[in-house]
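For reference, the structure is listed below as structure tokens.
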2 protein chains.
Amino acid sequence: MRPAARIGDSVEDIDTPALVVDLDALERNIAKMAAFAAAAGVRLRPHAKTHKCPDIARLQIAAGAVGQCVQKVGEAEALVAGGVRDVLVTNQVVGESKLRRLAALADRATIALCFDDPGQVDAASRAAVEAGVTLGGLVEIEIAMRRCGIAPGPAAWDLAERIANAPNLEFRGLQAYHGEAQHLVGYPVREQAIQGAIEIVRASVAALAERGLSCAFVTGAGTGTFPFEAASGVYNELQVGSYVFMDREYADVGGQDGGLYSEFEHSLFVFATVISTPAPDRAVLDAGLKSMSGEKGLPRVHARRGVEAARLSDEHTTLRVDADDLRIGDKLWLIPGHCDPTVNLHDWFVGIRGGRVEALWEIAARGASR
Amino acid sequence: MRPAARIGDSVEDIDTPALVVDLDALERNIAKMAAFAAAAGVRLRPHAKTHKCPDIARLQIAAGAVGQCVQKVGEAEALVAGGVRDVLVTNQVVGESKLRRLAALADRATIALCFDDPGQVDAASRAAVEAGVTLGGLVEIEIAMRRCGIAPGPAAWDLAERIANAPNLEFRGLQAYHGEAQHLVGYPVREQAIQGAIEIVRASVAALAERGLSCAFVTGAGTGTFPFEAASGVYNELQVGSYVFMDREYADVGGQDGGLYSEFEHSLFVFATVISTPAPDRAVLDAGLKSMSGEKGLPRVHARRGVEAARLSDEHTTLRVDADDLRIGDKLWLIPGHCDPTVNLHDWFVGIRGGRVEALWEIAARGASR
């Protein structure tokens, strides 16, 4: 798909629907998180599943990030091709062909991945041996997210030893991300959830130390909880992703407790055109579920009063118009419900500043779910 | 993105996540709807927003369809490039560049689009004159969907006259699709909703006839209601889309009333691999919201008892395991919640028959929302 604009175009001339990034807001978000991590004395390894874009990865690294996190081998390939030299797959990688592809990246970049089962360790070791490279290995432990992750205990410490002893693998530490905590309403509720995780992680690090295994990496945290992990004294790396863009759902959670989420600005928008004004209280935009992910609810109309999203269908957003004079051809800014899967629907970011298109960034890992 | 398999591969060797089509089921669905339309004496113009794929469009046309419907100019471009020669845009097209792109297709294909406002008619006429082509024009009327569509009445008949009189436009008839009716639970409830629409359409055709305007096209209907429109004596074209694939939400609606939906088979699946079995009652797949649209809820696990989807996150489906012995590396078939936006997440259909990969079809209009 072609980009929706050319460099230098006026913002109003961007074709729609388009995924637009406010570059000033993006840069402020990147700088703020980098300054936080530096002051807290923890490493910052932002999650590229949010942006899927080497250009944004490079901005984060230029601001001090040590590398990037990804969920999929395809994302790692796109980042390494785009110049990123340190990638952690915060996920299990299953299947010989995927492990071969991952190992092939390790001659140009530092690559690590997560394990929660012995068979995965053996398979990754075989792929690393075959490629003649070393892969870093982390044990993903269960800290109340109830998704992947081995329960802390002897089997988990055995798994760490298995990594340490496996040919061409190197034990690097613990993956301990609490995804659900990001979306809990209430600062103290999130804090309490993360305190529970911190105690589990602290005990795990101690148990591994008793076996002579040290955790160079204790990594986790998201945009909703990172100050807790950073202050823990045990986490030493933050995997925050959404802070670069923010979205309607994160803003809603933050709006209810005046908490962390308001520290970051909305920098990501879907730009859409009014294509129909069939009734005084209704207008329809040319962007729907194929331009914005809908599972976290409706987008928010930005910087325009008296208009709100009422319904999202495949290619339309139906607006409820209370007190506005929308006309066909007018263009509106929408804040998507959920940033990560929205980005995955687009091939390009259109970066704007001062009313002009300044950057066109390919979303190189769009669709890279394998 | 590369395809997830090669022609001739065994089904079990398809890389995951992959969007897989059961070719036998697909062909039966296509044949069944074609036979229905032929017997009912109505034209069939399937909606390509479902499949976004010229290969499937050509199968539908070979079975008797008169052409294809689309929602976006980009979809029309992909279909015409793939050999489709009759395309109806069932939507308003706003913006000079989009109208120019649409007009540029009309030298190779019969192209029509919908209007619900006079300014749209004038703009399309200018684009058609500039390109030296004729564009067909339909009036989209409001029949209770409350999205786009002009209310039936004098302003709507004026709009039809405006199309008929506009240079290089040709008035073709009425667009009257009742999207919401497709998802109403209960055969009689859907029937009643469509009867209301039919009365509005019948009166509109009569009002236009009084002004000397005949409706060559009276087009609408979806997979949940098409027999009602087909039997109306006033609709002469069906725009059904989802019947080729079906999905979990359509099946749920059908399951509650034993109605129409059970006539068609699930032919569309997301193929996914178990990457983690961290607890006896839990397993995790490598496919999530970036492989399956989530706004209509969870996918259904196909052909495997004792396992169901419990949660969908960006790149994972967490399974509740009651009575199964899932192992890491096992591959499962998921029926997505909503077919159309799921297809839009993928670049290829992997077509299978008899346990082998028989076809790789590019989803040429993936992401073509402009």
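Scheme for the structure tokens: letters A, B, ... for chains in order shown; per-chain residue numbers from 1; ligand numbers from 1 in order shown.
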For chain B against chain A, with a cut-off of 7 Å and counting only C-alpha atoms, what is the closest atom pair and its distance in Å to one decimal for every residue that makes the cut, ordered by chain and number, as CSV?
residue,atom,partner,partner_atom,distance
B:Thr16,CA,A:Arg370,CA,6.1
B:Pro17,CA,A:Arg370,CA,6.2
B:Gln92,CA,A:Ile275,CA,6.2
B:Val93,CA,A:Ile275,CA,7.0
B:Val94,CA,A:Ile275,CA,5.7
B:Gly95,CA,A:Gly329,CA,6.9
B:Arg147,CA,A:Thr318,CA,6.3
B:Cys148,CA,A:Ser276,CA,5.9
B:Gly149,CA,A:Pro278,CA,6.1
B:Ile150,CA,A:Pro278,CA,5.6
B:Ile275,CA,A:Val94,CA,5.7
B:Ser276,CA,A:Cys148,CA,5.9
B:Pro278,CA,A:Ile150,CA,5.6
B:Val284,CA,A:Cys148,CA,6.6
B:Leu289,CA,A:Pro341,CA,6.7
B:Lys290,CA,A:Pro341,CA,5.9
B:Gly294,CA,A:Glu295,CA,5.1
B:Glu295,CA,A:Glu295,CA,4.1
B:Asp314,CA,A:Pro341,CA,6.8
B:Thr318,CA,A:Arg147,CA,6.3
B:Gly329,CA,A:Val94,CA,6.5
B:Pro341,CA,A:Lys290,CA,5.9
B:Asn344,CA,A:Lys290,CA,6.8
B:Leu345,CA,A:Gly367,CA,6.6
B:His346,CA,A:Gly367,CA,6.6
B:Gly367,CA,A:Leu345,CA,6.6
B:Ser369,CA,A:Pro17,CA,6.7
B:Arg370,CA,A:Thr16,CA,6.2
Dump N, CA, C and O atoms for the selected residues as a compact mmCIF listing (two decimals), in the first residue's frame?
# COMPACT_ATOMS: atom_id res chain seq x y z
N THR B 16 2.56 -21.13 11.40
CA THR B 16 1.46 -20.46 12.09
C THR B 16 1.92 -19.14 12.69
O THR B 16 3.10 -18.99 12.98
N PRO B 17 0.98 -18.20 12.94
CA PRO B 17 -0.43 -18.26 12.57
C PRO B 17 -0.60 -18.13 11.04
O PRO B 17 0.13 -17.41 10.39
N GLN B 92 -20.15 5.79 -0.21
CA GLN B 92 -19.86 7.12 -0.72
C GLN B 92 -18.35 7.24 -0.91
O GLN B 92 -17.58 6.73 -0.10
N VAL B 93 -17.96 7.93 -1.99
CA VAL B 93 -16.54 8.15 -2.25
C VAL B 93 -16.31 9.66 -2.20
O VAL B 93 -16.85 10.40 -3.01
N VAL B 94 -15.51 10.09 -1.24
CA VAL B 94 -15.32 11.53 -1.02
C VAL B 94 -13.85 11.89 -1.18
O VAL B 94 -12.97 11.24 -0.61
N GLY B 95 -13.60 12.91 -1.99
CA GLY B 95 -12.24 13.39 -2.20
C GLY B 95 -11.85 13.25 -3.67
O GLY B 95 -12.08 12.21 -4.29
N ARG B 147 -26.79 4.58 9.21
CA ARG B 147 -25.38 4.84 8.94
C ARG B 147 -25.40 5.85 7.79
O ARG B 147 -25.91 6.94 8.00
N CYS B 148 -24.89 5.51 6.62
CA CYS B 148 -25.06 6.38 5.47
C CYS B 148 -26.44 6.15 4.87
O CYS B 148 -27.15 5.22 5.24
N GLY B 149 -26.83 6.98 3.90
CA GLY B 149 -28.11 6.80 3.21
C GLY B 149 -29.06 7.96 3.46
O GLY B 149 -29.31 8.35 4.59
N ILE B 150 -29.61 8.48 2.36
CA ILE B 150 -30.54 9.60 2.44
C ILE B 150 -31.93 9.07 2.77
O ILE B 150 -32.32 7.99 2.32
N ILE B 275 2.11 -22.88 22.10
CA ILE B 275 3.50 -22.51 22.43
C ILE B 275 3.80 -22.67 23.91
O ILE B 275 4.96 -22.57 24.32
N SER B 276 2.77 -22.89 24.72
CA SER B 276 3.01 -22.98 26.17
C SER B 276 1.88 -23.78 26.80
O SER B 276 0.72 -23.63 26.41
N PRO B 278 1.46 -24.05 30.51
CA PRO B 278 2.02 -23.76 31.83
C PRO B 278 1.25 -24.35 33.00
O PRO B 278 1.78 -24.40 34.11
N VAL B 284 -1.55 -22.06 25.64
CA VAL B 284 -1.50 -20.76 24.97
C VAL B 284 -1.10 -20.96 23.52
O VAL B 284 -0.13 -21.68 23.23
N LEU B 289 -4.88 -11.09 18.69
CA LEU B 289 -5.63 -10.00 18.04
C LEU B 289 -4.98 -9.52 16.75
O LEU B 289 -5.63 -8.84 15.97
N LYS B 290 -3.70 -9.83 16.56
CA LYS B 290 -3.06 -9.41 15.31
C LYS B 290 -3.25 -10.46 14.21
O LYS B 290 -2.83 -10.26 13.07
N GLY B 294 -10.97 -9.02 17.20
CA GLY B 294 -11.55 -9.40 18.48
C GLY B 294 -12.83 -8.69 18.88
O GLY B 294 -13.40 -9.01 19.92
N GLU B 295 -13.34 -7.78 18.05
CA GLU B 295 -14.46 -6.96 18.52
C GLU B 295 -15.78 -7.74 18.57
O GLU B 295 -16.73 -7.30 19.18
N ASP B 314 -2.73 -9.61 22.29
CA ASP B 314 -2.20 -9.19 20.99
C ASP B 314 -1.69 -10.35 20.14
O ASP B 314 -1.99 -10.43 18.95
N THR B 318 -5.34 -17.54 24.91
CA THR B 318 -5.22 -18.41 26.07
C THR B 318 -6.40 -19.37 26.06
O THR B 318 -7.55 -18.96 25.91
N GLY B 329 3.60 -27.43 20.48
CA GLY B 329 3.80 -27.83 19.09
C GLY B 329 2.54 -28.33 18.41
O GLY B 329 2.49 -28.38 17.18
N PRO B 341 -12.86 -8.41 9.13
CA PRO B 341 -11.64 -7.76 9.63
C PRO B 341 -10.51 -8.75 9.93
O PRO B 341 -9.35 -8.34 9.96
N ASN B 344 -8.53 -9.08 6.74
CA ASN B 344 -7.74 -7.87 6.50
C ASN B 344 -6.42 -7.84 7.27
O ASN B 344 -5.59 -6.97 7.05
N LEU B 345 -6.22 -8.79 8.18
CA LEU B 345 -4.96 -8.86 8.93
C LEU B 345 -3.90 -9.70 8.22
O LEU B 345 -2.76 -9.74 8.67
N HIS B 346 -4.30 -10.38 7.15
CA HIS B 346 -3.39 -11.36 6.53
C HIS B 346 -3.09 -10.98 5.08
O HIS B 346 -3.90 -10.32 4.42
N GLY B 367 -5.66 -4.18 3.61
CA GLY B 367 -5.22 -2.82 3.96
C GLY B 367 -5.66 -1.73 3.00
O GLY B 367 -5.30 -0.57 3.19
N SER B 369 -7.91 0.44 2.53
CA SER B 369 -9.02 1.22 3.09
C SER B 369 -9.13 2.62 2.50
O SER B 369 -10.00 3.38 2.88
N ARG B 370 -8.24 2.96 1.57
CA ARG B 370 -8.35 4.27 0.93
C ARG B 370 -8.87 4.13 -0.49
O ARG B 370 -8.65 3.13 -1.13
Please identify the strand (DSSP E) residues within region 32-142 of chain A (assignment by DSSP from backbone atoms) and present them as a PyMOL selection string. chain A and resi 43-44+68-70+86-89+110-115+135-140
Just to confirm, what's the straight-line distance from CA of Leu174 (chain B) to CA of Glu140 (chain B) in Å (one decimal)?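 CA of Glu140 (chain B) lies 5.8 Å from CA of Leu174 (chain B).
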Might you pull out every residue within 7 Å of Ala127 (chain B), with only C-alpha atoms counted and same-chain residues fewer than 6 positions away left off, and present them as a PyMOL selection string? chain B and resi 99-100+103
What would the file look like if the residues just selected were written as a PDB file, in the first residue's frame with N, CA and C atoms?
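Contents of part.pdb, as written:
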ATOM      1  N   LEU B  99     -11.855   9.914  -6.317  1.00  0.00           N
ATOM      2  CA  LEU B  99     -12.776   9.875  -7.463  1.00  0.00           C
ATOM      3  C   LEU B  99     -12.003   9.731  -8.776  1.00  0.00           C
ATOM      4  N   ARG B 100     -10.845  10.372  -8.863  1.00  0.00           N
ATOM      5  CA  ARG B 100     -10.017  10.220 -10.071  1.00  0.00           C
ATOM      6  C   ARG B 100      -9.547   8.772 -10.225  1.00  0.00           C
ATOM      7  N   ALA B 103     -12.516   6.715 -11.366  1.00  0.00           N
ATOM      8  CA  ALA B 103     -12.851   6.972 -12.775  1.00  0.00           C
ATOM      9  C   ALA B 103     -11.836   6.310 -13.699  1.00  0.00           C
TER      10      ALA B 103
END
Long-range neighbours of Val42 (chain B) as JSON, numbers by chain, 8 Å cut-off, only C-alpha atoms, 5 positions minimum in chain: {"B": [37, 230, 235, 236, 237, 238]}
From the DSSP assignment of the backbone, select every residue of region 58-255 of chain A that is alpha helix (DSSP H), and format the answer as a VMD selection string. chain A and resid 58 to 62 73 to 81 96 to 105 118 to 131 154 to 165 187 to 210 226 to 230 248 to 255
Tell me, as a list in words, which residues lie within 7 Å of region 58-70 of chain B, counting only C-alpha atoms; anything in the same chain fewer than 4 positions away does not count.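 That gives Ile30, Ala31, Ala34, Arg43, Leu44, Arg45, Pro46, His47, Ala48, Lys49, Pro54, Glu75, Ala76, Val84, Arg85, Asp86, Val87, Leu88, Val89, Thr90 and Gln239 of chain B.
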Proximity to Gly241 (chain A) - best of A:Arg305, A:His51, A:Arg190, A:Arg327, only C-alpha atoms: A:His51
